[in-house]
>>> print(open('protein-v6.txt').read())   # compact mmCIF, C-alpha atoms
# COMPACT_ATOMS: atom_id res chain seq x y z
CA MET A 226 15.84 8.85 -22.75
CA THR A 227 17.14 6.39 -20.13
CA GLN A 228 17.99 7.86 -16.73
CA PRO A 229 21.45 6.99 -15.38
CA PRO A 230 21.61 4.92 -12.21
CA VAL A 231 21.18 7.20 -9.20
CA GLY A 232 20.91 4.74 -6.33
CA GLY A 233 20.58 1.16 -5.34
CA ASN A 234 23.08 -1.63 -5.90
CA ASN A 235 25.52 -0.11 -3.39
CA THR A 236 25.07 3.51 -4.60
CA ARG A 237 24.09 5.89 -1.77
CA ASN A 238 22.94 9.49 -2.03
CA THR A 239 24.18 10.58 1.38
CA ALA A 240 25.78 13.74 -0.06
CA SER A 241 22.65 14.91 -1.91
CA PRO A 242 19.93 17.08 -0.34
CA LEU A 243 16.81 15.17 0.56
CA PRO A 244 14.01 15.45 -2.02
CA LYS A 245 11.12 17.81 -1.38
CA PHE A 246 7.48 17.52 -2.45
CA GLN A 247 5.25 20.17 -3.96
CA ARG A 248 3.81 22.35 -1.19
CA THR A 249 0.17 22.39 -2.23
CA ASP A 250 -1.56 19.15 -1.29
CA GLU A 251 -5.28 19.60 -1.95
CA PHE A 252 -5.75 15.85 -2.34
CA ARG A 253 -4.51 15.23 1.19
CA ARG A 254 -6.73 17.97 2.64
CA ILE A 255 -9.86 16.60 0.97
CA LEU A 256 -9.08 13.05 2.06
CA ARG A 257 -8.53 14.08 5.67
CA GLU A 258 -11.88 15.87 5.77
CA LYS A 259 -13.71 12.85 4.36
CA VAL A 260 -12.02 10.35 6.66
CA ASN A 261 -12.61 12.55 9.71
CA ARG A 262 -16.27 12.70 8.69
CA TYR A 263 -16.35 8.91 8.45
CA PHE A 264 -15.17 8.53 12.05
CA ALA A 265 -17.57 11.22 13.27
CA GLU A 266 -20.57 9.63 11.54
CA THR A 267 -19.78 6.04 12.56
CA ALA A 268 -18.60 6.90 16.10
CA ARG A 269 -15.74 4.46 15.59
CA ARG A 270 -12.32 5.07 17.12
CA PRO A 271 -9.27 5.36 14.85
CA ARG A 272 -7.20 3.45 17.42
CA ASP A 273 -7.74 1.20 20.47
CA CYS A 274 -10.04 -1.07 18.47
CA PRO A 275 -11.36 -4.19 20.28
CA ALA A 276 -10.82 -6.29 17.14
CA MET A 277 -7.14 -5.34 17.21
CA TYR A 278 -6.68 -6.40 20.84
CA LEU A 279 -8.45 -9.71 20.17
CA LYS A 280 -6.27 -10.37 17.13
CA SER A 281 -3.13 -9.58 19.13
CA ALA A 282 -4.11 -12.06 21.85
CA ILE A 283 -4.74 -14.78 19.25
CA LEU A 284 -1.41 -14.22 17.52
CA LEU A 285 0.71 -14.00 20.67
CA LEU A 286 -0.90 -17.07 22.24
CA SER A 287 -0.39 -18.94 18.96
CA LEU A 288 3.29 -17.98 18.99
CA ALA A 289 3.71 -19.14 22.57
CA GLY A 290 1.91 -22.42 21.88
CA LEU A 291 3.89 -23.22 18.73
CA TYR A 292 7.17 -22.40 20.48
CA ALA A 293 6.31 -24.61 23.45
CA LEU A 294 5.38 -27.54 21.20
CA LEU A 295 8.55 -27.28 19.11
CA VAL A 296 10.90 -26.88 22.07
CA PHE A 297 9.38 -28.93 24.89
CA ALA A 298 7.03 -31.52 23.33
CA PRO A 299 8.34 -34.93 22.20
CA ILE A 300 7.36 -34.52 18.54
CA THR A 301 8.70 -36.12 15.37
CA TRP A 302 9.74 -34.44 12.12
CA PRO A 303 6.42 -35.10 10.33
CA VAL A 304 4.84 -32.96 13.04
CA ALA A 305 7.72 -30.50 13.45
CA ILE A 306 7.74 -29.46 9.78
CA PRO A 307 4.15 -28.11 9.63
CA LEU A 308 4.62 -26.54 13.07
CA THR A 309 7.75 -24.78 11.78
CA ILE A 310 5.81 -23.44 8.78
CA LEU A 311 3.04 -22.24 11.11
CA LEU A 312 5.66 -20.59 13.32
CA GLY A 313 7.00 -18.66 10.34
CA LEU A 314 3.50 -17.60 9.31
CA THR A 315 2.64 -16.54 12.87
CA THR A 316 5.76 -14.44 13.30
CA ALA A 317 5.03 -12.76 9.95
CA ALA A 318 1.46 -12.05 11.10
CA ILE A 319 2.73 -10.50 14.34
CA GLY A 320 4.99 -8.26 12.27
CA PHE A 321 2.19 -7.29 9.89
CA ASN A 322 -0.31 -6.60 12.63
CA ILE A 323 0.97 -5.86 16.13
CA GLN A 324 4.41 -4.37 15.60
CA HIS A 325 3.45 -2.55 12.41
CA ASP A 326 0.47 -0.73 13.90
CA GLY A 327 2.39 -0.09 17.11
CA SER A 328 5.39 1.38 15.32
CA HIS A 329 3.15 3.76 13.40
CA GLY A 330 1.27 4.82 16.53
CA ALA A 331 -1.86 3.27 15.01
CA TYR A 332 -2.44 0.63 17.68
CA SER A 333 -3.51 2.84 20.58
CA GLU A 334 -4.02 6.41 21.75
CA HIS A 335 -1.51 5.63 24.50
CA ARG A 336 2.13 5.97 23.56
CA TRP A 337 3.32 3.25 25.95
CA ILE A 338 0.93 0.71 24.41
CA ASN A 339 2.20 1.57 20.93
CA LYS A 340 5.75 1.16 22.23
CA LEU A 341 4.98 -2.28 23.65
CA ALA A 342 3.32 -3.33 20.40
CA ALA A 343 6.30 -2.09 18.38
CA MET A 344 8.68 -4.00 20.65
CA THR A 345 7.25 -7.31 19.46
CA LEU A 346 9.64 -6.83 16.55
CA ASP A 347 12.56 -7.01 19.00
CA LEU A 348 11.04 -10.25 20.28
CA LEU A 349 11.20 -11.52 16.68
CA GLY A 350 14.90 -10.62 16.35
CA ALA A 351 14.85 -7.28 14.51
CA SER A 352 15.31 -3.82 16.00
CA SER A 353 12.13 -1.79 16.40
CA TYR A 354 14.32 1.33 16.69
CA VAL A 355 16.00 0.83 13.32
CA TRP A 356 12.84 -0.40 11.63
CA ALA A 357 10.83 2.66 12.68
CA ARG A 358 13.38 4.95 11.05
CA LYS A 359 13.86 2.77 7.98
CA HIS A 360 10.14 2.24 7.40
CA ASN A 361 8.22 5.12 9.00
CA THR A 362 10.64 7.93 8.21
CA VAL A 363 12.39 6.85 5.02
CA HIS A 364 10.08 4.49 3.15
CA HIS A 365 6.85 6.31 3.98
CA THR A 366 8.34 9.65 2.97
CA TYR A 367 10.34 8.76 -0.15
CA THR A 368 8.31 5.81 -1.40
CA ASN A 369 9.87 4.31 -4.56
CA VAL A 370 12.38 7.15 -4.91
CA THR A 371 15.57 5.42 -6.00
CA GLY A 372 18.56 6.20 -3.82
CA TYR A 373 16.39 7.26 -0.85
CA ASP A 374 13.80 4.53 -0.25
CA ASP A 375 15.99 1.81 1.23
CA ASP A 376 13.20 -0.77 0.94
CA ILE A 377 13.67 -0.90 -2.84
CA ASP A 378 17.45 -1.24 -2.56
CA VAL A 379 18.36 -4.86 -1.87
CA GLY A 380 21.94 -4.50 -3.05
CA PRO A 381 23.55 -5.83 -6.22
CA LEU A 382 21.55 -9.06 -6.24
CA ALA A 383 18.42 -7.39 -7.65
CA ARG A 384 17.33 -4.51 -9.83
CA LEU A 385 13.91 -3.32 -8.68
CA THR A 386 13.74 0.13 -10.30
CA PRO A 387 14.63 1.47 -13.76
CA HIS A 388 17.15 3.84 -12.16
CA GLN A 389 19.32 1.15 -10.57
CA ARG A 390 22.41 -0.33 -12.14
CA HIS A 391 21.82 -3.34 -14.37
CA LEU A 392 24.10 -6.36 -13.99
CA PRO A 393 24.16 -9.37 -16.34
CA PHE A 394 22.81 -11.89 -13.82
CA HIS A 395 19.70 -9.76 -13.20
CA ARG A 396 18.21 -11.46 -16.26
CA PHE A 397 17.49 -14.40 -13.94
CA GLN A 398 16.19 -12.40 -10.95
CA HIS A 399 12.55 -13.27 -11.68
CA ILE A 400 13.57 -16.86 -10.91
CA TYR A 401 16.07 -16.70 -8.05
CA LEU A 402 14.83 -13.69 -6.09
CA TRP A 403 11.79 -15.49 -4.66
CA PHE A 404 14.13 -17.84 -2.80
CA LEU A 405 16.40 -15.03 -1.60
CA TYR A 406 13.40 -13.23 -0.10
CA GLY A 407 13.41 -15.93 2.55
CA PHE A 408 16.72 -14.73 3.97
CA LEU A 409 15.38 -11.27 4.90
CA PRO A 410 14.82 -12.09 8.61
CA ILE A 411 18.22 -13.78 8.94
CA LYS A 412 19.86 -10.63 7.49
CA TRP A 413 17.91 -8.55 9.99
CA HIS A 414 18.98 -10.77 12.88
CA PHE A 415 22.71 -10.83 12.13
CA LEU A 416 23.58 -7.95 9.79
CA ASP A 417 21.20 -5.16 8.80
CA ASP A 418 20.43 -3.62 12.20
CA PHE A 419 24.08 -3.55 13.26
CA ARG A 420 25.20 -2.19 9.88
CA ASP A 421 22.64 0.63 9.90
CA VAL A 422 23.60 1.67 13.42
CA ILE A 423 27.32 1.63 12.60
CA VAL A 424 27.08 3.62 9.35
CA GLY A 425 24.47 6.02 10.76
CA HIS A 426 22.27 6.31 7.70
CA ILE A 427 19.54 4.44 5.84
CA GLY A 428 19.64 4.84 2.08
CA GLY A 429 20.33 8.52 1.54
CA THR A 430 18.85 9.59 4.89
CA PRO A 431 20.89 10.11 8.09
CA MET A 432 19.80 8.02 11.08
CA PRO A 433 20.59 9.05 14.66
CA ARG A 434 22.38 6.20 16.38
CA PRO A 435 20.50 4.74 19.38
CA LYS A 436 21.64 5.79 22.82
CA GLY A 437 20.62 5.01 26.38
CA TRP A 438 17.40 2.99 26.60
CA ASP A 439 17.11 2.75 22.82
CA LEU A 440 20.52 1.11 22.58
CA ALA A 441 19.74 -1.14 25.57
CA LEU A 442 16.50 -2.21 23.86
CA LEU A 443 18.30 -2.99 20.61
CA LEU A 444 21.01 -5.10 22.26
CA GLY A 445 18.68 -6.59 24.86
CA GLY A 446 16.16 -7.51 22.18
CA LYS A 447 18.82 -9.32 20.18
CA ALA A 448 19.96 -11.18 23.30
CA VAL A 449 16.42 -12.25 24.19
CA PHE A 450 15.70 -13.38 20.64
CA PHE A 451 18.85 -15.46 20.27
CA THR A 452 18.24 -17.00 23.69
CA LEU A 453 14.70 -18.00 22.73
CA ALA A 454 15.45 -18.99 19.13
CA LEU A 455 18.73 -20.82 19.67
CA GLY A 456 19.89 -20.92 23.30
CA ILE A 457 16.95 -22.63 25.03
CA PRO A 458 16.20 -25.06 22.16
CA LEU A 459 19.86 -26.19 22.21
CA LEU A 460 19.32 -27.43 25.76
CA PHE A 461 16.77 -29.95 24.50
CA HIS A 462 17.62 -30.71 20.86
CA PRO A 463 20.71 -31.34 18.68
CA TRP A 464 22.21 -28.27 17.04
CA TRP A 465 21.27 -29.34 13.51
CA ALA A 466 17.59 -29.68 14.48
CA VAL A 467 17.58 -26.25 16.14
CA LEU A 468 19.19 -24.61 13.11
CA ALA A 469 16.77 -26.38 10.77
CA VAL A 470 13.71 -25.08 12.62
CA TYR A 471 15.22 -21.59 12.94
CA ALA A 472 16.08 -21.45 9.24
CA GLY A 473 12.77 -22.95 8.15
CA ALA A 474 10.62 -20.56 10.17
CA SER A 475 12.78 -17.58 9.12
CA ILE A 476 12.57 -18.45 5.43
CA VAL A 477 8.78 -18.80 5.55
CA GLN A 478 8.54 -15.49 7.39
CA GLY A 479 10.90 -13.76 4.97
CA ILE A 480 9.12 -14.89 1.82
CA VAL A 481 5.73 -13.80 3.16
CA LEU A 482 6.97 -10.42 4.41
CA SER A 483 8.88 -9.65 1.21
CA VAL A 484 6.14 -10.66 -1.19
CA VAL A 485 3.49 -8.57 0.58
CA PHE A 486 5.76 -5.52 0.36
CA GLN A 487 6.73 -6.14 -3.26
CA LEU A 488 3.13 -6.51 -4.43
CA ALA A 489 2.45 -2.99 -3.21
CA HIS A 490 5.46 -1.17 -4.67
CA CYS A 491 7.51 -3.19 -7.16
CA VAL A 492 4.95 -4.01 -9.79
CA GLU A 493 4.11 -2.85 -13.31
CA GLU A 494 1.47 -0.37 -12.17
CA THR A 495 3.60 1.76 -9.83
CA ARG A 496 5.91 4.66 -10.66
CA PHE A 497 9.50 5.33 -9.64
CA PRO A 498 9.86 9.12 -9.82
CA LEU A 499 13.10 11.02 -9.37
CA PRO A 500 13.57 14.52 -7.95
CA ASP A 501 14.57 17.31 -10.31
CA PRO A 502 18.40 17.40 -10.22
CA ALA A 503 18.44 21.21 -10.03
CA THR A 504 15.72 21.86 -7.42
CA HIS A 505 15.66 18.43 -5.70
CA ARG A 506 11.85 18.62 -5.90
CA LEU A 507 9.56 15.80 -6.88
CA ALA A 508 6.83 16.53 -9.39
CA ASP A 509 3.87 15.98 -7.06
CA SER A 510 2.65 16.54 -3.54
CA TRP A 511 3.28 13.89 -0.90
CA ALA A 512 -0.23 12.37 -0.99
CA VAL A 513 -0.36 12.23 -4.79
CA HIS A 514 3.09 10.64 -4.75
CA GLN A 515 1.79 7.87 -2.45
CA VAL A 516 -1.05 6.79 -4.76
CA GLN A 517 1.28 6.84 -7.75
CA THR A 518 3.87 4.60 -6.09
CA THR A 519 1.58 2.18 -4.25
CA VAL A 520 -0.91 -0.51 -5.28
CA ASP A 521 -3.59 -2.43 -3.37
CA PHE A 522 -4.33 -6.09 -3.98
CA SER A 523 -7.00 -8.65 -3.14
CA GLN A 524 -9.24 -6.19 -1.30
CA ASN A 525 -12.16 -8.65 -1.04
CA ASN A 526 -10.12 -11.48 0.49
CA HIS A 527 -11.08 -11.09 4.15
CA PRO A 528 -8.89 -13.88 5.61
CA LEU A 529 -5.88 -12.45 3.77
CA THR A 530 -6.72 -8.95 5.05
CA TRP A 531 -6.85 -10.32 8.61
CA PHE A 532 -3.53 -12.15 8.25
CA VAL A 533 -1.50 -9.34 6.61
CA GLY A 534 -2.82 -6.62 8.90
CA GLY A 535 -4.62 -4.74 6.14
CA LEU A 536 -1.41 -4.35 4.15
CA ASN A 537 -3.22 -5.45 1.01
CA PHE A 538 -4.69 -1.94 1.42
CA GLN A 539 -1.26 -0.32 1.07
CA VAL A 540 -2.56 2.87 -0.56
CA GLU A 541 -4.75 3.55 2.46
CA HIS A 542 -1.94 2.62 4.83
CA HIS A 543 0.47 5.05 3.17
CA LEU A 544 -2.06 7.86 3.28
CA PHE A 545 -3.21 7.17 6.86
CA PRO A 546 -0.44 5.22 8.64
CA GLN A 547 -1.59 6.35 12.10
CA ILE A 548 -5.07 4.82 11.74
CA CYS A 549 -5.53 1.20 12.85
CA HIS A 550 -5.57 -1.14 9.88
CA VAL A 551 -9.01 -2.58 10.76
CA HIS A 552 -10.47 0.59 9.18
CA TYR A 553 -8.68 0.31 5.83
CA PRO A 554 -11.45 -1.55 3.95
CA ALA A 555 -13.92 1.23 4.79
CA ILE A 556 -11.42 4.00 4.04
CA ALA A 557 -10.57 2.40 0.67
CA SER A 558 -13.91 3.39 -0.84
CA ILE A 559 -13.29 7.00 0.23
CA VAL A 560 -9.82 7.02 -1.32
CA ARG A 561 -11.02 5.37 -4.54
CA GLN A 562 -13.88 7.86 -4.96
CA THR A 563 -11.67 10.87 -4.25
CA CYS A 564 -9.02 9.70 -6.71
CA ALA A 565 -11.72 9.33 -9.37
CA GLU A 566 -13.03 12.83 -8.67
CA LEU A 567 -9.55 14.37 -8.99
CA GLY A 568 -8.39 12.24 -11.92
CA LEU A 569 -5.67 10.47 -9.93
CA PRO A 570 -4.59 6.85 -10.45
CA TYR A 571 -5.90 4.28 -8.01
CA VAL A 572 -4.86 0.69 -8.71
CA ALA A 573 -6.11 -2.39 -6.86
CA GLN A 574 -5.23 -5.82 -8.17
CA PRO A 575 -8.39 -7.97 -7.83
CA THR A 576 -6.57 -11.07 -6.56
CA LEU A 577 -3.34 -12.12 -4.87
CA ARG A 578 -2.45 -14.14 -7.97
CA ARG A 579 -2.71 -11.05 -10.20
CA GLY A 580 -0.43 -9.14 -7.87
CA ILE A 581 2.17 -11.91 -7.81
CA LEU A 582 2.14 -12.14 -11.62
CA SER A 583 2.60 -8.38 -11.91
CA HIS A 584 5.62 -8.51 -9.60
CA TYR A 585 7.03 -11.46 -11.55
CA ARG A 586 6.70 -9.57 -14.84
CA TRP A 587 8.28 -6.46 -13.30
CA LEU A 588 11.29 -8.46 -12.08
CA ARG A 589 11.69 -9.97 -15.53
CA HIS A 590 11.39 -6.54 -17.18
CA MET A 591 13.94 -4.96 -14.81
CA GLY A 592 16.27 -7.90 -15.40
CA ARG A 593 16.58 -7.26 -19.12
CA ALA A 594 19.66 -5.49 -20.42
CA VAL A 595 19.43 -1.70 -20.60
CA ALA A 596 19.60 -0.38 -24.17
>>> encode(input="protein-v6.txt", output="structure tokens")
Amino acid sequence: MTQPPVGGNNTRNTASPLPKFQRTDEFRRILREKVNRYFAETARRPRDCPAMYLKSAILLLSLAGLYALLVFAPITWPVAIPLTILLGLTTAAIGFNIQHDGSHGAYSEHRWINKLAAMTLDLLGASSYVWARKHNTVHHTYTNVTGYDDDIDVGPLARLTPHQRHLPFHRFQHIYLWFLYGFLPIKWHFLDDFRDVIVGHIGGTPMPRPKGWDLALLLGGKAVFFTLALGIPLLFHPWWAVLAVYAGASIVQGIVLSVVFQLAHCVEETRFPLPDPATHRLADSWAVHQVQTTVDFSQNNHPLTWFVGGLNFQVEHHLFPQICHVHYPAIASIVRQTCAELGLPYVAQPTLRRGILSHYRWLRHMGRAVA
């Protein structure tokens, strides 16, 4: 029996109680014990990892160098185009690595270092305040729950879950959506952050509006970004060239960010559970819910793992978001073994290509008319 649409495509569940998980979470307890044992036996630190600090230095210096070349160096378009693509890839990598770990408190044991790392998102034009609540609080709690997980609600242009409203043009979404992914950063820069602050909720979850220093950081971050991205370049280059580089880098960044997220959650192998309408409870515990709604991909591709900040190990990230991502490959074997012992699903696509094809097929399936 087909479930009626309960969220997404402009439907919000702000009046409904938030879903609750089953109280007993034996899977989570066992995993914590095993992972704690791993750190005790290896004498490795969950945070403040030297490899993470080295990676951060490489990425930030790369960003500064690319920006300086594009703005101040006398370069021609055959050189500017690849530099613009590299700029988009570098900003995506900073988001995957530095800001993501910092926002989750996984970068360092020191709160102020995590805050600085998270603030790199403000440097890239999006609000670290809004993102932390949208991603850490909402997405990581209600993963793939339609009407609550705002990350799977991209409005009427796409149908990503079987519980969202179907519109006739969705039959083409497996073709056009890849291009629209590129506009994610531009929406962040000009629309999403301001909208979320004004309406005061994300998906079906209330969001406290920023005040004091949080509000100053949001507005100040936007001002700094627009000055760096548009204001200073306009002093040296014609407006059309500045907009072309801004749009090009943003589109590259948006496609990369969106695809990495989609390969973990919006594919054929994941589930999209709904809470019981009477009790508002989901069928499983929180940890079990995470492995049912999340998929890994390309675990043996070490350069990809470095670039995406371990987010090809999304199952491990969802279970242990406050552990630095450099540990995810080691933790993955623990999670896989424990899932096998308890008879739980654990899916890891062997390659990036397989993950992309699975997302493509899911888009096509969700785009078909509902019977």
>>> residues_around(input="protein-v6.txt", residues="Arg506 (chain A)", least_positions_apart="5", cutoff="10 Å", atoms="only C-alpha atoms", output="short mmCIF file (atom, residue, chain, number, x, y, z; two decimals) with C-alpha atoms, in the frame of the given file")
data_model
loop_
_atom_site.label_atom_id
_atom_site.label_comp_id
_atom_site.auth_asym_id
_atom_site.auth_seq_id
_atom_site.Cartn_x
_atom_site.Cartn_y
_atom_site.Cartn_z
CA PRO A 242 19.93 17.08 -0.34
CA LEU A 243 16.81 15.17 0.56
CA PRO A 244 14.01 15.45 -2.02
CA LYS A 245 11.12 17.81 -1.38
CA PHE A 246 7.48 17.52 -2.45
CA GLN A 247 5.25 20.17 -3.96
CA LEU A 499 13.10 11.02 -9.37
CA PRO A 500 13.57 14.52 -7.95
CA ASP A 501 14.57 17.31 -10.31
#
>>> atom_distance(input="protein-v6.txt", atom1="CA of Leu416 (chain A)", atom2="CA of Leu382 (chain A)")
16.2 Å
>>> residues_around(input="protein-v6.txt", residues="region 530-538 of chain A", least_positions_apart="3", cutoff="7 Å", atoms="all atoms listed in the file", output="number ranges by chain")
A: 318, 321-322, 521-524, 526-527, 541-542, 550-551, 553
>>> atom_distance(input="protein-v6.txt", atom1="CA of Arg248 (chain A)", atom2="CA of Gln517 (chain A)")
17.0 Å
>>> closest_residue(input="protein-v6.txt", among="A:Leu314, A:Leu482, A:Ala466, A:Cys564", to="Glu251 (chain A)", atoms="all atoms listed in the file")
A:Cys564
>>> residues_around(input="protein-v6.txt", residues="Ser510 (chain A)", least_positions_apart="2", cutoff="8 Å", atoms="only C-alpha atoms", output="list in words")
Phe246, Gln247, Arg248, Thr249, Asp250, Leu507, Ala508, Ala512, Val513 and His514 of chain A
>>> residues_around(input="protein-v6.txt", residues="region 354-368 of chain A", least_positions_apart="6", cutoff="8 Å", atoms="all atoms listed in the file", output="list in words")
Pro244, Ser328, His329, Asp374, Asp375, Asp376, Asp418, Asp421, Val422, Ile427, Thr430, Met432, Pro435, Asp439, Leu443, Trp511, His514, Gln515, Thr518 and His543 of chain A
>>> atom_distance(input="protein-v6.txt", atom1="CA of Gly580 (chain A)", atom2="CA of Gln487 (chain A)")
9.0 Å
>>> closest_residue(input="protein-v6.txt", among="A:Ala448, A:Leu311, A:Ile423, A:Val470", to="Leu348 (chain A)", atoms="all atoms listed in the file")
A:Ala448
>>> closest_residue(input="protein-v6.txt", among="A:Ala331, A:Val296, A:Ala265, A:Ala317", to="Cys549 (chain A)", atoms="only C-alpha atoms")
A:Ala331
>>> closest_residue(input="protein-v6.txt", among="A:Ala351, A:Ile480, A:Val260, A:Ile255", to="Ile556 (chain A)", atoms="all atoms listed in the file")
A:Val260
>>> closest_residue(input="protein-v6.txt", among="A:Cys274, A:Leu312, A:Val560, A:Val595", to="Gly290 (chain A)", atoms="only C-alpha atoms")
A:Leu312
>>> closest_residue(input="protein-v6.txt", among="A:Gly479, A:His426, A:Asp347, A:Pro393", to="Lys412 (chain A)", atoms="all atoms listed in the file")
A:Gly479
>>> residues_around(input="protein-v6.txt", residues="Gly445 (chain A)", least_positions_apart="5", cutoff="12 Å", atoms="all atoms listed in the file", output="NGL selection string")
:A and (344 or 347-348 or 350-353 or 437-440 or 450-452)
